[in-house]
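start-v5.cif, holding mmCIF, C-alpha atoms, pLDDT in the B column; chains and numbers go by the auth columns:
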```cif
data_query
#
loop_
_atom_site.group_PDB
_atom_site.id
_atom_site.type_symbol
_atom_site.label_atom_id
_atom_site.label_comp_id
_atom_site.label_asym_id
_atom_site.label_seq_id
_atom_site.Cartn_x
_atom_site.Cartn_y
_atom_site.Cartn_z
_atom_site.B_iso_or_equiv
_atom_site.auth_seq_id
_atom_site.auth_asym_id
ATOM 1 C CA MET A 1 -47.838 78.008 41.220 48.00 1 A
ATOM 2 C CA SER A 2 -46.970 80.325 44.120 54.00 2 A
ATOM 3 C CA GLU A 3 -48.229 79.919 47.653 67.00 3 A
ATOM 4 C CA ILE A 4 -51.010 82.279 48.747 78.00 4 A
ATOM 5 C CA GLU A 5 -49.811 84.671 51.417 92.00 5 A
ATOM 6 C CA ASN A 6 -51.995 85.203 54.465 96.00 6 A
ATOM 7 C CA LEU A 7 -53.245 88.723 55.077 96.00 7 A
ATOM 8 C CA PRO A 8 -53.208 90.544 58.415 97.00 8 A
ATOM 9 C CA VAL A 9 -56.646 91.666 59.612 98.00 9 A
ATOM 10 C CA THR A 10 -57.565 93.767 62.603 98.00 10 A
ATOM 11 C CA MET A 11 -61.125 94.469 63.637 98.00 11 A
ATOM 12 C CA THR A 12 -63.193 95.151 66.711 98.00 12 A
ATOM 13 C CA VAL A 13 -65.653 92.329 67.351 98.00 13 A
ATOM 14 C CA ASN A 14 -68.270 92.810 70.060 98.00 14 A
ATOM 15 C CA GLY A 15 -66.151 95.567 71.586 97.00 15 A
ATOM 16 C CA LYS A 16 -62.857 93.630 71.587 97.00 16 A
ATOM 17 C CA LYS A 17 -59.983 94.270 69.214 98.00 17 A
ATOM 18 C CA VAL A 18 -58.829 91.141 67.394 98.00 18 A
ATOM 19 C CA GLN A 19 -55.843 90.608 65.100 98.00 19 A
ATOM 20 C CA ARG A 20 -55.233 87.539 62.964 97.00 20 A
ATOM 21 C CA PHE A 21 -53.686 86.414 59.711 97.00 21 A
ATOM 22 C CA VAL A 22 -56.192 84.962 57.252 97.00 22 A
ATOM 23 C CA GLU A 23 -56.133 83.393 53.835 96.00 23 A
ATOM 24 C CA PRO A 24 -57.490 85.913 51.312 96.00 24 A
ATOM 25 C CA ARG A 25 -60.400 83.560 50.483 95.00 25 A
ATOM 26 C CA THR A 26 -61.578 83.128 54.099 97.00 26 A
ATOM 27 C CA LEU A 27 -65.207 84.161 54.406 97.00 27 A
ATOM 28 C CA LEU A 28 -66.159 86.363 57.347 98.00 28 A
ATOM 29 C CA ILE A 29 -68.604 83.732 58.669 98.00 29 A
ATOM 30 C CA HIS A 30 -65.825 81.133 58.787 98.00 30 A
ATOM 31 C CA PHE A 31 -63.427 83.611 60.398 98.00 31 A
ATOM 32 C CA LEU A 32 -65.971 84.361 63.133 98.00 32 A
ATOM 33 C CA ARG A 33 -66.890 80.743 63.799 98.00 33 A
ATOM 34 C CA GLU A 34 -63.543 78.994 63.303 97.00 34 A
ATOM 35 C CA GLU A 35 -60.947 81.599 64.269 97.00 35 A
ATOM 36 C CA LEU A 36 -62.817 83.544 66.971 98.00 36 A
ATOM 37 C CA ASN A 37 -65.186 80.784 68.183 98.00 37 A
ATOM 38 C CA ILE A 38 -68.161 83.141 67.771 98.00 38 A
ATOM 39 C CA THR A 39 -70.907 80.725 66.812 97.00 39 A
ATOM 40 C CA GLY A 40 -74.025 82.908 67.027 97.00 40 A
ATOM 41 C CA PRO A 41 -73.979 83.716 63.313 97.00 41 A
ATOM 42 C CA HIS A 42 -75.075 80.496 61.620 97.00 42 A
ATOM 43 C CA ILE A 43 -74.047 78.988 58.320 96.00 43 A
ATOM 44 C CA GLY A 44 -77.246 78.394 56.411 92.00 44 A
ATOM 45 C CA CYS A 45 -77.371 78.649 52.660 89.00 45 A
ATOM 46 C CA GLU A 46 -73.923 80.180 52.004 83.00 46 A
ATOM 47 C CA THR A 47 -75.503 82.133 49.132 87.00 47 A
ATOM 48 C CA SER A 48 -76.846 85.170 51.066 87.00 48 A
ATOM 49 C CA HIS A 49 -80.472 84.073 50.725 92.00 49 A
ATOM 50 C CA CYS A 50 -81.314 82.943 54.273 95.00 50 A
ATOM 51 C CA GLY A 51 -79.753 85.634 56.510 96.00 51 A
ATOM 52 C CA ALA A 52 -78.764 83.245 59.324 96.00 52 A
ATOM 53 C CA CYS A 53 -75.232 84.687 59.163 97.00 53 A
ATOM 54 C CA THR A 54 -76.281 88.353 59.482 98.00 54 A
ATOM 55 C CA VAL A 55 -73.984 90.566 61.554 98.00 55 A
ATOM 56 C CA GLU A 56 -73.593 94.309 62.032 98.00 56 A
ATOM 57 C CA LEU A 57 -70.554 95.704 60.209 98.00 57 A
ATOM 58 C CA ASN A 58 -69.812 99.405 60.646 98.00 58 A
ATOM 59 C CA GLY A 59 -73.465 100.054 61.472 97.00 59 A
ATOM 60 C CA MET A 60 -74.931 98.090 58.562 97.00 60 A
ATOM 61 C CA SER A 61 -76.435 94.623 58.590 97.00 61 A
ATOM 62 C CA VAL A 62 -74.472 92.333 56.290 97.00 62 A
ATOM 63 C CA LYS A 63 -74.545 88.656 55.477 97.00 63 A
ATOM 64 C CA SER A 64 -71.174 87.367 56.593 97.00 64 A
ATOM 65 C CA CYS A 65 -71.231 84.447 54.138 96.00 65 A
ATOM 66 C CA THR A 66 -70.724 86.864 51.249 95.00 66 A
ATOM 67 C CA LEU A 67 -67.813 88.890 52.600 96.00 67 A
ATOM 68 C CA PHE A 68 -64.197 87.965 52.956 97.00 68 A
ATOM 69 C CA ALA A 69 -62.673 88.449 56.398 98.00 69 A
ATOM 70 C CA ALA A 70 -60.069 90.700 54.765 97.00 70 A
ATOM 71 C CA GLN A 71 -62.878 93.040 53.666 98.00 71 A
ATOM 72 C CA ALA A 72 -63.699 93.611 57.347 98.00 72 A
ATOM 73 C CA ASP A 73 -60.169 94.784 58.137 98.00 73 A
ATOM 74 C CA GLY A 74 -60.429 97.881 60.330 98.00 74 A
ATOM 75 C CA ALA A 75 -64.152 97.379 60.863 98.00 75 A
ATOM 76 C CA GLU A 76 -66.406 97.528 63.903 98.00 76 A
ATOM 77 C CA LEU A 77 -68.366 94.271 63.946 98.00 77 A
ATOM 78 C CA ASN A 78 -71.148 93.102 66.258 98.00 78 A
ATOM 79 C CA THR A 79 -72.754 89.687 66.514 98.00 79 A
ATOM 80 C CA VAL A 80 -75.632 88.404 68.606 97.00 80 A
ATOM 81 C CA GLU A 81 -73.087 87.542 71.322 97.00 81 A
ATOM 82 C CA GLY A 82 -72.530 91.281 71.779 97.00 82 A
ATOM 83 C CA MET A 83 -76.205 92.232 72.031 96.00 83 A
ATOM 84 C CA ALA A 84 -76.778 91.851 75.774 95.00 84 A
ATOM 85 C CA ASN A 85 -76.724 94.965 77.936 94.00 85 A
ATOM 86 C CA ALA A 86 -73.483 95.820 79.770 93.00 86 A
ATOM 87 C CA ASP A 87 -74.886 94.354 82.995 96.00 87 A
ATOM 88 C CA GLY A 88 -75.597 91.037 81.266 94.00 88 A
ATOM 89 C CA THR A 89 -79.354 91.479 81.011 96.00 89 A
ATOM 90 C CA LEU A 90 -81.108 90.861 77.721 96.00 90 A
ATOM 91 C CA SER A 91 -81.273 93.668 75.187 97.00 91 A
ATOM 92 C CA ALA A 92 -84.718 94.956 74.245 97.00 92 A
ATOM 93 C CA LEU A 93 -84.675 92.780 71.112 97.00 93 A
ATOM 94 C CA GLN A 94 -83.583 89.646 72.937 97.00 94 A
ATOM 95 C CA GLU A 95 -86.253 90.289 75.545 96.00 95 A
ATOM 96 C CA GLY A 96 -88.820 90.871 72.794 97.00 96 A
ATOM 97 C CA PHE A 97 -88.005 87.571 71.113 96.00 97 A
ATOM 98 C CA ARG A 98 -88.346 85.838 74.485 96.00 98 A
ATOM 99 C CA GLN A 99 -91.534 87.572 75.607 95.00 99 A
ATOM 100 C CA MET A 100 -93.325 87.416 72.246 96.00 100 A
ATOM 101 C CA HIS A 101 -92.199 83.861 71.416 94.00 101 A
ATOM 102 C CA GLY A 102 -90.355 85.098 68.335 94.00 102 A
ATOM 103 C CA LEU A 103 -88.431 81.884 67.879 91.00 103 A
ATOM 104 C CA GLN A 104 -89.001 78.191 67.583 91.00 104 A
ATOM 105 C CA CYS A 105 -85.955 76.208 66.457 92.00 105 A
ATOM 106 C CA GLY A 106 -83.733 79.289 66.910 92.00 106 A
ATOM 107 C CA PHE A 107 -81.618 78.799 63.799 94.00 107 A
ATOM 108 C CA CYS A 108 -82.613 82.110 62.203 95.00 108 A
ATOM 109 C CA THR A 109 -82.803 84.009 65.495 96.00 109 A
ATOM 110 C CA PRO A 110 -79.242 85.435 65.703 96.00 110 A
ATOM 111 C CA GLY A 111 -79.419 86.797 62.157 97.00 111 A
ATOM 112 C CA MET A 112 -82.978 88.020 62.670 97.00 112 A
ATOM 113 C CA ILE A 113 -81.987 89.864 65.862 98.00 113 A
ATOM 114 C CA MET A 114 -78.993 91.472 64.171 98.00 114 A
ATOM 115 C CA ARG A 115 -81.083 92.615 61.188 98.00 115 A
ATOM 116 C CA ALA A 116 -83.789 93.930 63.516 98.00 116 A
ATOM 117 C CA HIS A 117 -81.134 95.743 65.577 98.00 117 A
ATOM 118 C CA VAL A 118 -79.956 97.709 62.539 98.00 118 A
ATOM 119 C CA LEU A 119 -83.549 98.204 61.365 98.00 119 A
ATOM 120 C CA LEU A 120 -84.421 99.837 64.712 98.00 120 A
ATOM 121 C CA LYS A 121 -81.343 102.066 64.461 97.00 121 A
ATOM 122 C CA GLU A 122 -82.565 103.173 61.023 97.00 122 A
ATOM 123 C CA ASN A 123 -86.212 103.553 62.075 97.00 123 A
ATOM 124 C CA ARG A 124 -87.067 103.758 65.787 96.00 124 A
ATOM 125 C CA SER A 125 -90.815 103.321 65.221 97.00 125 A
ATOM 126 C CA PRO A 126 -91.352 101.054 62.221 98.00 126 A
ATOM 127 C CA THR A 127 -94.818 100.000 61.151 97.00 127 A
ATOM 128 C CA GLU A 128 -95.646 96.314 60.758 97.00 128 A
ATOM 129 C CA ASP A 129 -95.177 96.629 56.984 97.00 129 A
ATOM 130 C CA GLU A 130 -91.802 98.338 57.454 98.00 130 A
ATOM 131 C CA ILE A 131 -90.692 95.572 59.819 98.00 131 A
ATOM 132 C CA ARG A 132 -91.756 92.887 57.361 97.00 132 A
ATOM 133 C CA ALA A 133 -89.919 94.653 54.534 97.00 133 A
ATOM 134 C CA GLY A 134 -86.903 95.225 56.774 97.00 134 A
ATOM 135 C CA ILE A 135 -86.491 91.558 57.667 97.00 135 A
ATOM 136 C CA SER A 136 -87.459 90.222 54.245 96.00 136 A
ATOM 137 C CA GLY A 137 -83.868 89.161 53.533 94.00 137 A
ATOM 138 C CA ASN A 138 -83.904 86.795 56.512 95.00 138 A
ATOM 139 C CA LEU A 139 -85.778 83.517 56.256 94.00 139 A
ATOM 140 C CA CYS A 140 -87.541 81.677 59.057 93.00 140 A
ATOM 141 C CA ARG A 141 -88.843 78.226 58.315 90.00 141 A
ATOM 142 C CA CYS A 142 -90.701 77.735 61.609 90.00 142 A
ATOM 143 C CA THR A 143 -92.625 80.735 62.891 85.00 143 A
ATOM 144 C CA GLY A 144 -94.648 82.283 60.099 87.00 144 A
ATOM 145 C CA TYR A 145 -93.013 85.619 61.113 95.00 145 A
ATOM 146 C CA GLN A 146 -95.976 86.941 63.123 95.00 146 A
ATOM 147 C CA ASN A 147 -94.263 86.577 66.498 95.00 147 A
ATOM 148 C CA ILE A 148 -90.975 87.847 65.078 97.00 148 A
ATOM 149 C CA VAL A 149 -92.792 91.021 64.006 97.00 149 A
ATOM 150 C CA LYS A 150 -94.340 91.299 67.478 97.00 150 A
ATOM 151 C CA ALA A 151 -90.902 90.839 69.056 97.00 151 A
ATOM 152 C CA ILE A 152 -89.516 93.734 67.015 98.00 152 A
ATOM 153 C CA GLN A 153 -92.569 95.895 67.828 97.00 153 A
ATOM 154 C CA TYR A 154 -92.049 95.053 71.524 97.00 154 A
ATOM 155 C CA ALA A 155 -88.382 96.105 71.298 98.00 155 A
ATOM 156 C CA ALA A 156 -89.219 99.323 69.440 98.00 156 A
ATOM 157 C CA ALA A 157 -91.768 100.254 72.097 97.00 157 A
ATOM 158 C CA LYS A 158 -89.322 99.497 74.906 96.00 158 A
ATOM 159 C CA LEU A 159 -86.521 101.489 73.258 96.00 159 A
ATOM 160 C CA ASN A 160 -88.942 104.428 72.880 96.00 160 A
ATOM 161 C CA GLY A 161 -89.967 104.248 76.553 95.00 161 A
ATOM 162 C CA GLU A 162 -93.405 102.895 75.720 94.00 162 A
ATOM 163 C CA THR A 163 -95.261 99.737 76.628 91.00 163 A
ATOM 164 C CA PHE A 164 -95.994 97.341 73.808 88.00 164 A
ATOM 165 C CA GLN A 165 -99.728 96.843 73.441 81.00 165 A
ATOM 166 C CA GLU A 166 -100.708 93.865 71.310 79.00 166 A
ATOM 167 C CA ALA A 167 -103.715 94.399 69.093 68.00 167 A
ATOM 168 C CA ALA A 168 -106.864 92.639 70.240 60.00 168 A
ATOM 169 C CA GLU A 169 -107.673 89.667 68.071 60.00 169 A
#
```

What would the structure in this file look like if it were written as structure tokens?
Amino acid sequence: MSEIENLPVTMTVNGKKVQRFVEPRTLLIHFLREELNITGPHIGCETSHCGACTVELNGMSVKSCTLFAAQADGAELNTVEGMANADGTLSALQEGFRQMHGLQCGFCTPGMIMRAHVLLKENRSPTEDEIRAGISGNLCRCTGYQNIVKAIQYAAAKLNGETFQEAAE
């Protein structure tokens, strides 16, 4: 049996170019966490069902537990660590999750923020139903999703130069 040869990979992660050699079977989530020490994307189910590992790859939200690091060669990749504004302040989504109490334990939050980030790039003014459909591939076991939806509505309003107005209950 021959030895598996490591593959060279180069990608831009959160605005920084990185180059490494990886085993062909190395999953992107493990590459991020173990090679680059980027621990925002979480390892949850490892079957693509929970979405805790969601990252942005070339403008699309992907679950990094189902991709090999070699498949991201040449890619532009963003994680929750790269979401803050250039001056270090919270992005609209991060602020929304904080202001609208869109998290409890926080395990799903990085993946939820990354999915919502791409959702808002695809649709700058999503309805509540569109938000719920857009995040349906990401599971939260704590919140019941209501405040997550509000957090995304808050961010959408802020990105559109509007003030988020919660509906009267």

Which residues match the PyMOL selection byres ((chain A and resi 146) around 10) in the file above, as a list in words?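 The output of the PyMOL selection byres ((chain A and resi 146) around 10) on this file is Met100, His101, Gly102, Glu128, Arg132, Thr143, Gly144, Tyr145, Asn147, Ile148, Val149, Lys150 and Ala151 of chain A.
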
Box in all listed atoms of segment 147-164 of chain A, axis-aligned, with 6 Å more on each side; write out centre and edge lengths in Å to one decimal as AutoDock Vina command-line options.
```
--center_x -91.3 --center_y 95.5 --center_z 70.3 --size_x 21.5 --size_y 29.9 --size_z 24.6
```

Using all atoms listed in the file, determine which residues lie at most 8 Å from Pro126 of chain A, disregarding the query and same-chain residues fewer than 6 positions distant; provide the list as a compact mmCIF listing (two decimals) with C-alpha atoms, keeping the file's coordinate frame.
```
# COMPACT_ATOMS: atom_id res chain seq x y z
CA LEU A 120 -84.42 99.84 64.71
CA GLN A 153 -92.57 95.90 67.83
CA ALA A 156 -89.22 99.32 69.44
```

Any chance you could resolve the PyMOL selection byres ((chain A and resi 96) around 7) against this file and give the residues as a list in words? Ala92, Leu93, Gln94, Glu95, Phe97, Arg98, Gln99, Met100, Ala151, Ile152, Tyr154 and Ala155 of chain A

Pull the closest atom pair for each residue of segment 69-163 of chain A that gets at most 8 Å from segment 45-61 of chain A, along with the distance in Å to one decimal, counting all atoms listed in the file, ordering rows by chain and then ascending residue number, as a Markdown table.
```
| residue | atom | partner | partner_atom | distance |
| --- | --- | --- | --- | --- |
| A:Ala72 | CA | A:Leu57 | CA | 7.7 |
| A:Ala75 | CA | A:Asn58 | CA | 6.0 |
| A:Glu76 | CA | A:Asn58 | CA | 5.1 |
| A:Leu77 | CA | A:Leu57 | CA | 4.6 |
| A:Asn78 | CA | A:Glu56 | CA | 5.0 |
| A:Thr79 | CA | A:Val55 | CA | 5.2 |
| A:Val80 | CA | A:Val55 | CA | 7.6 |
| A:Phe107 | CA | A:Ala52 | CA | 6.9 |
| A:Cys108 | CA | A:Ala52 | CA | 4.9 |
| A:Thr109 | CA | A:Ala52 | CA | 7.4 |
| A:Pro110 | CA | A:Ala52 | CA | 6.8 |
| A:Gly111 | CA | A:Thr54 | CA | 4.4 |
| A:Met112 | CA | A:Ala52 | CA | 7.2 |
| A:Met114 | CA | A:Val55 | CA | 5.7 |
| A:Arg115 | CA | A:Ser61 | CA | 5.7 |
| A:Val118 | CA | A:Ser61 | CA | 6.1 |
| A:Gly137 | CA | A:Gly51 | CA | 6.2 |
| A:Asn138 | CA | A:Gly51 | CA | 4.3 |
| A:Leu139 | CA | A:Cys50 | CA | 4.9 |
| A:Cys140 | CA | A:Cys50 | CA | 8.0 |
```

If you apply the PyMOL selection byres ((chain A and resi 23-38) around 10) to this file, what residues do you get, as a PyMOL selection string? chain A and resi 4-8+13-14+18+20-22+39-43+46+53-55+63-72+79-81

Pairwise distance for atom CA of Thr163 of chain A and atom CA of Ser125 of chain A, rounded to one decimal in Å: 12.8 Å

Atom CA of Gly15 of chain A to atom CA of Ala84 of chain A, distance in Å rounded to a single decimal: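 Separation between atom CA of Gly15 of chain A and atom CA of Ala84 of chain A: 12.0 Å.
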
Determine the nearest neighbour of Val62 of chain A from the options A:Ile131, A:Met83, A:Leu119, A:Cys105, counting only C-alpha atoms. A:Leu119

Between A:Glu122, A:Ala116, A:Gly74, A:Gly44, which one has atoms that come closest to Thr12 of chain A, using only C-alpha atoms?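 Among the listed residues, the smallest separation from Thr12 of chain A belongs to A:Gly74.
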
Mind giving me the straight-line distance from atom CA of Gly161 of chain A to atom CA of His117 of chain A in Å, one decimal?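 Between atom CA of Gly161 of chain A and atom CA of His117 of chain A the gap is 16.5 Å.
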
Quick one: of A:Lys17, A:Val9, A:Ile113, A:Asp73, who's nearest to Leu90 of chain A, counting only C-alpha atoms?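 Closest residue, counting only C-alpha atoms: A:Ile113.
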